[in-house]
2 protein chains.
Amino acid sequence: MSHDTLSTREAGAPSATAASSASAVSPTAGRVRPLGTSAVSLGAGLLQQWQGRNRERTIPHTIAQLRAAGNLDNLRTVATGGEAPYRGRYPFLDTDVFKTLEGLAYELARDDASAESREFFEEAVALLQGAQADDGYLNSFFQHPGSQKQPWSDLAWGHELYNLGHLIQAAVAATRQLGDDRLLDVATRFADLAVQRFGPHGDPEVCGHPEVEMALVELYRLTGIADYLTLAGLFVVRRGHGSVKLSVFPAEYFQDSAPLTELPSVTGHAVRMGYLAAGAADVAIETGDDALLRALERLWDDMAATKLYITGGLGSRHSDEAIGDRYELPSERSYSETCAAIAVMQWAWRMFLATEKAHYLDTFETVLYNAYAAGLSVDGCAFFYDNPLQRRPDHQQRTGAEPDGELLRRAWFVCPCCPPNIIRWTSELQDHIAATAGDTLYIAQHATATVQSDRLSLSMSTAYPWDGTVTIDVTAAASAGPTELALRVPAWCHRAEVTVNGSRLDAAPRDGWLRLDREWSVGDTVLLVLAMPVRAHGSHPHVDATRGSLALARGPLVYCAEQQDNKGDLDDVVVTAADAARATLAEARLTPEGTESVILTVPAGIAPPPAPVLYPELGSASADAPGTTATVTATASAPEHSSVTLVPYYLWGNREPGAMRVWLRQR
Amino acid sequence: MSHDTLSTREAGAPSATAASSASAVSPTAGRVRPLGTSAVSLGAGLLQQWQGRNRERTIPHTIAQLRAAGNLDNLRTVATGGEAPYRGRYPFLDTDVFKTLEGLAYELARDDASAESREFFEEAVALLQGAQADDGYLNSFFQHPGSQKQPWSDLAWGHELYNLGHLIQAAVAATRQLGDDRLLDVATRFADLAVQRFGPHGDPEVCGHPEVEMALVELYRLTGIADYLTLAGLFVVRRGHGSVKLSVFPAEYFQDSAPLTELPSVTGHAVRMGYLAAGAADVAIETGDDALLRALERLWDDMAATKLYITGGLGSRHSDEAIGDRYELPSERSYSETCAAIAVMQWAWRMFLATEKAHYLDTFETVLYNAYAAGLSVDGCAFFYDNPLQRRPDHQQRTGAEPDGELLRRAWFVCPCCPPNIIRWTSELQDHIAATAGDTLYIAQHATATVQSDRLSLSMSTAYPWDGTVTIDVTAAASAGPTELALRVPAWCHRAEVTVNGSRLDAAPRDGWLRLDREWSVGDTVLLVLAMPVRAHGSHPHVDATRGSLALARGPLVYCAEQQDNKGDLDDVVVTAADAARATLAEARLTPEGTESVILTVPAGIAPPPAPVLYPELGSASADAPGTTATVTATASAPEHSSVTLVPYYLWGNREPGAMRVWLRQR
């Protein structure tokens with residue numbers, strides 16, 4: 001194949017100086033274009049802390065786990081023609097290497113990566129080059145000696161195209177961030193095989209696990225080769241016609257029960273759904289497919305209105321790791337897989353790029369600081385696979401098998417999809433901060449960062465999410481004409497004040513954007529103050545799981561109560577919406593490894609321990625003798641006055657095992 | 001082995017005239033002994049209707065399904081040394097034949113069984129005789145040509161001892177009900193192999209699925225051979241020490257995380273838990289193991305107070321088909337497997353026999369008329385595997401794979417454990433009506449029936465559960481001394497009136513029993529009137545799933561609303577506890593095949609359609625500026641006055657697919 005269209009084609013070893021690296025998602029069409037990776041650098045603040053922890057803790061931990069679990073050995077056996085049996089249970093274990101490589105591409109480009117990171121990168125790239133079959137095929141599970149299955153014999157569960165997707169994403173990152181196209185050569189050879197096999201003239205099939213769609217679009221964006229976009233589009237439109245060969249799980253699990261454009265609501269396996277929707281958004285952006293985009297907007301709106309947890313988590317069921325019915329949002333059985341959180345953010349980002357709408361970024365932010373962030377321990381070396389919103393006092397650790405609702409995070413999993421997904425996503429955070437469209441520079445997420453667009457360079461400083469004040473200094477400005485600076489005002493914020501060079505502007509956000517359109521000069525300072533009161537949220541009356549309960553939040557952060565900070569059974573804590581108004585804030589470092597956070601103390605009652613009756617009779621009358629008065633027993637005793645201490649949800653489960661509640665009983 | 005201790009040892013073809021047949025559970029110790037099968041006959045009423053439907057519809061349907069699904073063919077292949085591959089996915093498909101045979105033993109003894117039932121019985125018995133290996137082993141999955149697994153190589157998932165258990169229960173039923181010991185010869189040969197292999201001098205292992213424990217005890221009761229009781233006891237005490245080899249599922253799933261006597265709460269796979277507890281109760285009864293019995297009472301009390309659905313269903317999770325944490329009782333995801341309902345009744349019955357306590361029978365009754373009865377369609381030919389308490393309006397039928405929360409019942413399952421379990425249990429209903437202890441005759445369940453004990457014969461007549469009046473005529477009475485007639489007064493009944501020969505007695509129930517101790521004469525008539533008002537139940541404040549909701553019940557029946565009977569979204573129906581007092585009753589036949597039932601109409605409000613906001617903000621204040629008053633938005637509009645029509649929960653899903661709710665929003 002030809003790579004003529006590719007600008008960064010200098011082969012060779014990693015370089016830390018790829019100057020104008022594109023961001024993870026780099027559309028060639030759509031309303032908004034993200035700034036390239038090198039145009040945004042995170043500065044002191046929570047996101048930068050996360051990125052540092054990722055580099056210093058999570059990546060070394062994951063590399064060690066991948067080595068110990070055999071993920072590299074599997075590739076080595078294939079590359080060297082060895083005889084060792086495949087290690088691990090699943091056919092997608094190569095992807096954990098790919099996701100790690102994707103994150104490493106960013107970290108190596110930042111020039112402060114460790115020697116072991118460089119060594120892992122080099123070793124893995126060499127193994128992948130060596131393991132790839134002559135026809136381009138690459139999957140160590142199927143290629144392994146003694147494999148019971150033939151390549152492509154089980155598209156429903158084989159994950160081969162899912163593997164290809166993650167390989168492409170690693171390769172694209174390495175090319176963009178490092179100018180290193182060794183992985184790209186491997187990925188394009190595999191992608192070309194996929195085009196040949198499943199393209200317009202190939203088998204009209206789809207992978208059981210969507211992922212390759214967004215990867216193929218990105219490969220198209222990088223290479224300009226239309227075949228990849230075409231194949232991505234085919235995978236999107238083919239799905240939903242019952243072509244996935246089912247066993248055990250239903251068609252909904254694979255999003256194969258109806259085409260995306262006809263699907264009534266997001267459904268099935270949550271990660272599959274999110275990846276598919278994100279890939280479809282990429283296709284819609286590049287092809288200008290308005291009908292597809294409208295379907296995605298409809299599915300998103302429905303999801304946001306009926307199926308997302310208040311933490312931004314997606315997936316209400318452990319069974320099938322599935323999205324539930326509308327309003328089925330049980331706290332203790334929230335699955336909210338960490339990978340699904342990433343998928344929702346990927347989808348959200350693409351929808352913003354396609355539409356310019358701020359509400360996608362609001363949800364992105366909710367997911368980022370809650371459902372996603374909870375997936376990783378404070379020390380960066382332990383993970384939640386699922387992210388419940390409640391842990392009951394008697395919750396028992398499962399003994400001796402795979403994790404499922406564990407008390408605390410775990411170092412690794414038999415299915416380790418989440419840890420390396422966190423790695424790559426954290427490495428890419430700066431790619432999701434700012435974007436441009438024409439003369440507008442959008443600040444999508446508030447963080448301490450430097451931002452360089454063609455027209456305007458900024459230095460932003462904030463203690464977000466702990467504080468709502470953002471200071472923005474203009475460090476460079478185009479001389480020709482005005483530039484619109486569009487600052488996102490999250491929907492949770494009811495009072496946003498902005499001053500420019502000390503002068504208060506009478507600007508109100510429209511559709512979530514506060515737009516400052518003027519000729520900027522170096523030295524200009526914008527001060528954005530987002531009021532960040534503690535809020536009490538109820539839930540839609542059709543949500544049975546949280547009826548009569550309140551969740552407290554401040555800014556983008558959802559809060560929770562952990563037993564260790566509180567007296568009395570958390571199940572007996574009762575609060576009122578007005579209690580939120582009387583919250584007191586305090587800075588606290590919950591664990592030695594952790595950073596300062598804001599905790600809340602809220603007036604609350606402690607209800608007396610309830611009578612041990614599961615279904616108390618509240619009223620009855622002789623229906624045999626109409627007219628008899630019902631006996632309604634009053635059961636409520638006055639609660640004891642007390643208070644409840646709340647910590648950011650994402651920090652839960654970092655200290656002692658114990659009960660936890662996001663939703664507190666409403667008095 | 002010797003069968004000298006066996007009284008009914010005449011071999012031969014089925015006989016319909018086994019006069020003094022023992023009931024399904026026939027303890028030799030314990031507080032209470034059930035009356036034998038032939039001593040209780042059901043008369044006109046709901047239970048008799050169920051038994052008739054079982055004989056006329058469910059058994060023929062199941063026989064046809066078993067033939068079509070290959071369960072008999074699997075045995076035939078082994079018996080004839082054939083080469084046909086094993087049909088079906090699971091290694092326990094022989095048990096569906098065994099459970100059917102167990103039920104057929106009862107039906108053939110009642111002399112009105114069909115020719116096809118007799119034919120199936122004869123054919124299956126012959127195949128089992130032919131398929132049994134020389135050493136007594138019998139499991140067509142493992143014996144099948146081409147089986148990938150060796151016998152006993154996978155105790156965790158092989159289900160071989162589970163198979164033995166159901167074989168024994170069929171054999172015991174055939175011997176007791178028909179005097180036919182052909183199956184008993186097969187079962188004892190297999191049981192003797194198990195004794196040899198896993199007895200005191202064998203491998204200290206347990207089956208992954210408890211069931212054989214209660215069967216072995218019953219085999220001991222029938223044969224008097226102590227080895228079987230010893231082995232059952234070993235299986236009980238061995239479990240809980242981590243001996244089950246785990247894969248995917250945790251030790252809790254197999255009740256192998258802690259010994260029963262130390263287990264804090266019922267846990268893991270619900271059916272396994274119930275069968276284990278029932279078997280342990282049998283062991284405790286026969287061995288007089290008080291510590292074990294106390295542990296079972298503790299586990300039961302905890303379950304009844306924290307883990308049972310209001311329908312009596314057990315099992316809150318689809319994932320692992322598991323019991324959840326305490327108070328984890330989500331309506332829409334209630335698993336409440338039909339087999340678990342049977343297991344809970346089996347456990348309850350044995351606890352009653354061990355302790356004489358009526359509350360076990362109250363739960364038995366709740367399960368019988370709700371969680372259990374819901375498992376079967378009105379026409380007797382379709383089944384729910386799981387029994388949710390709510391179906392949301394947008395609940396989607398799963399497309400193309402195994403059932404999991406289907407809209408309506410299904411004719412059969414890939415894992416068809418429930419249908420033949422319903423068959424045997426329905427055939428044995430009369431075994432759970434009456435029992436004796438010394439001079440006391442206990443009426444455990446109210447039904448139209450004739451009951452013959454040594455001291456007293458009764459003819460009971462009632463429209464129960466539709467009406468609480470029970471008329472009891474004495475048809476025979478011992479001349480020597482008084483007999484105590486103990487009538488159960490369910491805990492739901494707050495006003496029980498009893499008259500004897502027209503004279504009102506001033507008797508009050510104690511611990512659930514109304515005891516009438518007198519010298520009875522033929523012609524005496526007892527009239528028991530159990531007041532049966534409509535009740536509204538709330539739930540314990542720690543049950544998040546049903547907070548702010550009410551469930552309506554009348555007598556033993558829990559009611560539910562189905563969309564087809566009601567205007568407006570069921571999720572918007574709001575009721576008060578006092579509304580229950582104003583319920584009106586009506587007789588209705590919901591489907592042409594069905595029988596008359598009582599439906600309720602209750603005053604209710606229809607709340608206006610709620611705003612489409614998932615997590616409305618109810619109050620907030622600037623915590624940055626303490627003292628600011630919270631803004632609490634009133635969201636409740638006055639509901640429209642209306643009413644809601646409720647049908648017995650067990651009858652739901654027999655007409656149109658649609659929404660259903662047991663728990664209604666409390667106004």
# chains A, B, ... in the order shown; residues from 1 in each chain; ligands from 1
call {"tool": "residues_around", "arguments": {"residues": "Leu47 (chain A)", "least_positions_apart": "5", "cutoff": "9 Å", "atoms": "only C-alpha atoms", "output": "PyMOL selection string"}}
result
chain A and resi 42+52+426+429-430+447-448
call {"tool": "atom_distance", "arguments": {"atom1": "CA of Leu234 (chain A)", "atom2": "CA of Ala251 (chain A)"}}
result
18.5 Å
call {"tool": "atom_distance", "arguments": {"atom1": "CA of Gly158 (chain A)", "atom2": "CA of Leu104 (chain A)"}}
result
26.1 Å
call {"tool": "select_by_dssp", "arguments": {"residues": "region 254-295 of chain A", "states": "helix (DSSP H, G or I)", "output": "list in words"}}
result
Phe254, Ala270, Val271, Arg272, Met273, Gly274, Tyr275, Leu276, Ala277, Ala278, Gly279, Ala280, Ala281, Asp282, Val283, Ala284, Ile285, Glu286, Thr287, Asp290, Ala291, Leu292, Leu293, Arg294 and Ala295 of chain A
call {"tool": "write_last_selection", "arguments": {"atoms": "C-alpha atoms", "output": "PDB file, in the first residue's frame"}}
result
ATOM      1  CA  PHE A 254     -23.679  -6.882  20.479  1.00  0.00           C
ATOM      2  CA  ALA A 270     -22.036  -0.913  27.760  1.00  0.00           C
ATOM      3  CA  VAL A 271     -18.470  -0.735  26.488  1.00  0.00           C
ATOM      4  CA  ARG A 272     -19.459  -2.168  23.124  1.00  0.00           C
ATOM      5  CA  MET A 273     -22.259   0.384  22.887  1.00  0.00           C
ATOM      6  CA  GLY A 274     -20.019   3.322  23.735  1.00  0.00           C
ATOM      7  CA  TYR A 275     -17.247   2.299  21.375  1.00  0.00           C
ATOM      8  CA  LEU A 276     -19.717   1.720  18.575  1.00  0.00           C
ATOM      9  CA  ALA A 277     -21.372   5.083  19.074  1.00  0.00           C
ATOM     10  CA  ALA A 278     -17.994   6.848  19.212  1.00  0.00           C
ATOM     11  CA  GLY A 279     -16.896   5.141  16.020  1.00  0.00           C
ATOM     12  CA  ALA A 280     -20.178   5.934  14.341  1.00  0.00           C
ATOM     13  CA  ALA A 281     -19.732   9.580  15.324  1.00  0.00           C
ATOM     14  CA  ASP A 282     -16.321   9.532  13.670  1.00  0.00           C
ATOM     15  CA  VAL A 283     -17.873   8.089  10.536  1.00  0.00           C
ATOM     16  CA  ALA A 284     -20.642  10.679  10.611  1.00  0.00           C
ATOM     17  CA  ILE A 285     -18.123  13.504  10.977  1.00  0.00           C
ATOM     18  CA  GLU A 286     -15.947  12.359   8.111  1.00  0.00           C
ATOM     19  CA  THR A 287     -18.720  11.359   5.736  1.00  0.00           C
ATOM     20  CA  ASP A 290     -26.462  13.758   8.925  1.00  0.00           C
ATOM     21  CA  ALA A 291     -28.943  10.947   9.450  1.00  0.00           C
ATOM     22  CA  LEU A 292     -26.357   8.980  11.379  1.00  0.00           C
ATOM     23  CA  LEU A 293     -25.408  12.043  13.400  1.00  0.00           C
ATOM     24  CA  ARG A 294     -29.038  12.745  14.221  1.00  0.00           C
ATOM     25  CA  ALA A 295     -29.477   9.137  15.351  1.00  0.00           C
TER      26      ALA A 295
END
call {"tool": "residues_around", "arguments": {"residues": "region 125-141 of chain B", "least_positions_apart": "3", "cutoff": "8 Å", "atoms": "only C-alpha atoms", "output": "PyMOL selection string"}}
result
chain B and resi 72+74-76+78-80+86+90-94+121-122+144+147+160+163-164+182-183+186+189-193
call {"tool": "residues_around", "arguments": {"residues": "Ser41 (chain B)", "least_positions_apart": "6", "cutoff": "12 Å", "atoms": "only C-alpha atoms", "output": "list of chain:residue names"}}
result
B:Leu35, B:Leu47, B:Gln48, B:Gln51, B:Tyr106, B:Arg110, B:Ser427, B:Glu428, B:Leu429, B:Gln430, B:Asp431, B:His432, B:Ile433, B:Ala434, B:Ala447, B:Thr448, B:Ala449, B:Thr450, B:Val451, B:Gln452, B:Ser457, B:Leu458, B:Ser459, B:Met460, B:Ser461
call {"tool": "write_last_selection", "arguments": {"atoms": "C-alpha atoms", "output": "short mmCIF file (atom, residue, chain, number, x, y, z; two decimals), in the first residue's frame"}}
result
data_model
loop_
_atom_site.label_atom_id
_atom_site.label_comp_id
_atom_site.auth_asym_id
_atom_site.auth_seq_id
_atom_site.Cartn_x
_atom_site.Cartn_y
_atom_site.Cartn_z
CA LEU B 35 -49.22 -37.31 56.96
CA LEU B 47 -54.39 -26.36 44.64
CA GLN B 48 -56.45 -29.12 43.10
CA GLN B 51 -52.64 -30.41 40.27
CA TYR B 106 -47.51 -39.52 42.23
CA ARG B 110 -53.60 -41.41 41.51
CA SER B 427 -47.69 -33.49 42.36
CA GLU B 428 -46.54 -33.40 45.97
CA LEU B 429 -48.67 -30.52 47.20
CA GLN B 430 -50.85 -32.81 49.32
CA ASP B 431 -47.76 -33.93 51.18
CA HIS B 432 -47.44 -30.44 52.62
CA ILE B 433 -50.95 -29.89 53.95
CA ALA B 434 -51.10 -31.70 57.26
CA ALA B 447 -57.13 -26.04 51.20
CA THR B 448 -60.12 -28.09 50.31
CA ALA B 449 -58.94 -31.57 51.20
CA THR B 450 -59.66 -34.72 53.09
CA VAL B 451 -57.20 -35.47 55.83
CA GLN B 452 -56.84 -38.76 57.66
CA SER B 457 -60.27 -37.62 59.84
CA LEU B 458 -61.37 -34.34 58.41
CA SER B 459 -63.08 -32.96 55.39
CA MET B 460 -61.90 -29.39 54.84
CA SER B 461 -63.63 -27.04 52.48
#
call {"tool": "residues_around", "arguments": {"residues": "region 503-505 of chain B", "least_positions_apart": "5", "cutoff": "12 Å", "atoms": "only C-alpha atoms", "output": "list in words"}}
result
Ala496, Glu497, Val498, Leu514, Arg515, Leu516, Asp517, Asp524, Thr525, Val526, Leu527, Leu528 and Val529 of chain B
call {"tool": "atom_distance", "arguments": {"atom1": "CA of Pro204 (chain B)", "atom2": "CA of Gln169 (chain B)"}}
result
23.5 Å
call {"tool": "closest_residue", "arguments": {"among": "A:Ser334, A:Thr366, A:Ser23, A:Thr355", "to": "Thr311 (chain A)", "atoms": "only C-alpha atoms"}}
result
A:Thr366
call {"tool": "residues_around", "arguments": {"residues": "region 641-656 of chain A", "least_positions_apart": "5", "cutoff": "6 Å", "atoms": "only C-alpha atoms", "output": "list in words"}}
result
Asn370, Ala373, Ala374, Leu408, Val558, Tyr559, Cys560, Ala561, Ile599, Leu600, Thr601, Val602, Pro603, Ala604 and Gly605 of chain A
call {"tool": "write_last_selection", "arguments": {"atoms": "N, CA, C and O atoms", "output": "CSV table (one decimal), in the first residue's frame"}}
result
chain,number,residue,atom,x,y,z
A,370,ASN,N,-15.8,11.4,38.1
A,370,ASN,CA,-16.6,10.5,38.9
A,370,ASN,C,-16.4,9.1,38.5
A,370,ASN,O,-15.6,8.4,38.9
A,373,ALA,N,-12.7,8.4,37.2
A,373,ALA,CA,-11.7,8.6,38.2
A,373,ALA,C,-11.8,7.6,39.3
A,373,ALA,O,-10.8,7.2,39.9
A,374,ALA,N,-13.0,7.1,39.6
A,374,ALA,CA,-13.1,6.1,40.7
A,374,ALA,C,-12.5,4.8,40.3
A,374,ALA,O,-12.1,4.0,41.2
A,408,LEU,N,-12.3,-3.5,47.9
A,408,LEU,CA,-11.4,-2.5,47.5
A,408,LEU,C,-10.8,-2.8,46.1
A,408,LEU,O,-11.1,-3.9,45.6
A,558,VAL,N,-19.4,14.5,42.3
A,558,VAL,CA,-20.4,13.8,43.1
A,558,VAL,C,-19.8,13.4,44.4
A,558,VAL,O,-18.6,13.0,44.4
A,559,TYR,N,-20.5,13.5,45.5
A,559,TYR,CA,-19.9,13.1,46.8
A,559,TYR,C,-20.6,11.8,47.3
A,559,TYR,O,-21.6,11.5,46.9
A,560,CYS,N,-19.9,11.2,48.3
A,560,CYS,CA,-20.4,10.0,48.9
A,560,CYS,C,-20.0,10.0,50.4
A,560,CYS,O,-19.1,10.7,50.8
A,561,ALA,N,-20.8,9.2,51.1
A,561,ALA,CA,-20.4,9.0,52.5
A,561,ALA,C,-19.8,7.7,52.6
A,561,ALA,O,-20.2,6.7,52.1
A,599,ILE,N,-13.6,18.1,51.3
A,599,ILE,CA,-14.6,17.2,51.9
A,599,ILE,C,-15.8,18.1,52.5
A,599,ILE,O,-15.6,19.2,52.8
A,600,LEU,N,-16.9,17.5,52.6
A,600,LEU,CA,-18.1,18.2,53.0
A,600,LEU,C,-18.6,17.7,54.4
A,600,LEU,O,-18.6,16.5,54.6
A,601,THR,N,-19.1,18.6,55.2
A,601,THR,CA,-19.8,18.1,56.3
A,601,THR,C,-21.2,18.8,56.3
A,601,THR,O,-21.3,20.0,56.1
A,602,VAL,N,-22.2,17.9,56.3
A,602,VAL,CA,-23.6,18.4,56.0
A,602,VAL,C,-24.4,18.0,57.2
A,602,VAL,O,-24.3,16.9,57.7
A,603,PRO,N,-25.3,18.9,57.7
A,603,PRO,CA,-26.2,18.5,58.8
A,603,PRO,C,-27.1,17.4,58.4
A,603,PRO,O,-27.5,17.3,57.2
A,604,ALA,N,-27.2,16.4,59.3
A,604,ALA,CA,-28.0,15.3,58.9
A,604,ALA,C,-28.6,14.7,60.2
A,604,ALA,O,-28.2,15.0,61.3
A,605,GLY,N,-29.6,13.9,60.0
A,605,GLY,CA,-30.2,13.1,61.1
A,605,GLY,C,-29.7,11.7,61.0
A,605,GLY,O,-29.4,11.2,60.0
call {"tool": "select_by_dssp", "arguments": {"residues": "region 169-358 of chain A", "states": "strand (DSSP E or B)", "output": "list in words"}}
result
His269, Leu308, Leu314 and Ala322 of chain A
call {"tool": "residues_around", "arguments": {"residues": "Trp157 (chain B)", "least_positions_apart": "3", "cutoff": "8 Å", "atoms": "only C-alpha atoms", "output": "JSON, numbers by chain"}}
result
{"B": [154, 207, 208, 209]}
call {"tool": "decode", "arguments": {"residues": "region 82-98 of chain A", "atoms": "N, CA, C and O atoms", "output": "CSV table (one decimal), in the first residue's frame"}}
result
chain,number,residue,atom,x,y,z
A,82,GLY,N,7.7,-20.4,19.1
A,82,GLY,CA,7.8,-21.2,20.3
A,82,GLY,C,6.6,-22.2,20.5
A,82,GLY,O,5.7,-22.2,19.7
A,83,GLU,N,6.7,-22.9,21.6
A,83,GLU,CA,5.7,-24.0,21.9
A,83,GLU,C,4.9,-23.7,23.1
A,83,GLU,O,4.0,-24.5,23.5
A,84,ALA,N,5.3,-22.7,23.9
A,84,ALA,CA,4.6,-22.4,25.1
A,84,ALA,C,3.1,-22.2,24.9
A,84,ALA,O,2.7,-21.6,24.0
A,85,PRO,N,2.3,-22.7,25.8
A,85,PRO,CA,0.9,-22.5,25.7
A,85,PRO,C,0.5,-21.1,25.9
A,85,PRO,O,1.2,-20.3,26.6
A,86,TYR,N,-0.7,-20.7,25.4
A,86,TYR,CA,-1.2,-19.4,25.5
A,86,TYR,C,-1.5,-19.1,27.0
A,86,TYR,O,-2.1,-20.0,27.7
A,87,ARG,N,-1.1,-18.0,27.4
A,87,ARG,CA,-1.4,-17.6,28.8
A,87,ARG,C,-2.6,-16.7,28.9
A,87,ARG,O,-2.7,-15.7,28.2
A,88,GLY,N,-3.5,-16.9,29.9
A,88,GLY,CA,-4.7,-16.1,30.0
A,88,GLY,C,-5.8,-16.8,29.3
A,88,GLY,O,-5.7,-17.8,28.6
A,89,ARG,N,-7.0,-16.2,29.6
A,89,ARG,CA,-8.2,-16.9,29.2
A,89,ARG,C,-8.8,-16.3,27.9
A,89,ARG,O,-9.6,-17.0,27.2
A,90,TYR,N,-8.5,-15.1,27.6
A,90,TYR,CA,-9.2,-14.4,26.5
A,90,TYR,C,-8.4,-14.1,25.2
A,90,TYR,O,-7.2,-14.0,25.3
A,91,PRO,N,-9.1,-14.0,24.1
A,91,PRO,CA,-8.4,-13.8,22.8
A,91,PRO,C,-8.1,-12.3,22.6
A,91,PRO,O,-7.7,-12.0,21.5
A,92,PHE,N,-8.3,-11.5,23.6
A,92,PHE,CA,-8.0,-10.1,23.3
A,92,PHE,C,-6.9,-9.5,24.2
A,92,PHE,O,-6.8,-8.3,24.5
A,93,LEU,N,-6.0,-10.4,24.7
A,93,LEU,CA,-5.0,-10.0,25.7
A,93,LEU,C,-3.9,-9.2,25.0
A,93,LEU,O,-3.2,-8.4,25.7
A,94,ASP,N,-3.8,-9.3,23.7
A,94,ASP,CA,-2.8,-8.4,23.0
A,94,ASP,C,-3.2,-6.9,23.1
A,94,ASP,O,-2.4,-6.0,23.1
A,95,THR,N,-4.5,-6.7,23.3
A,95,THR,CA,-5.0,-5.3,23.3
A,95,THR,C,-4.5,-4.5,24.6
A,95,THR,O,-4.4,-3.3,24.6
A,96,ASP,N,-4.2,-5.3,25.6
A,96,ASP,CA,-3.7,-4.7,26.8
A,96,ASP,C,-2.3,-4.1,26.6
A,96,ASP,O,-1.9,-3.1,27.1
A,97,VAL,N,-1.6,-4.8,25.7
A,97,VAL,CA,-0.3,-4.3,25.3
A,97,VAL,C,-0.5,-3.1,24.4
A,97,VAL,O,0.2,-2.0,24.6
A,98,PHE,N,-1.5,-3.2,23.5
A,98,PHE,CA,-1.7,-2.1,22.5
A,98,PHE,C,-2.1,-0.8,23.3
A,98,PHE,O,-1.6,0.3,23.0
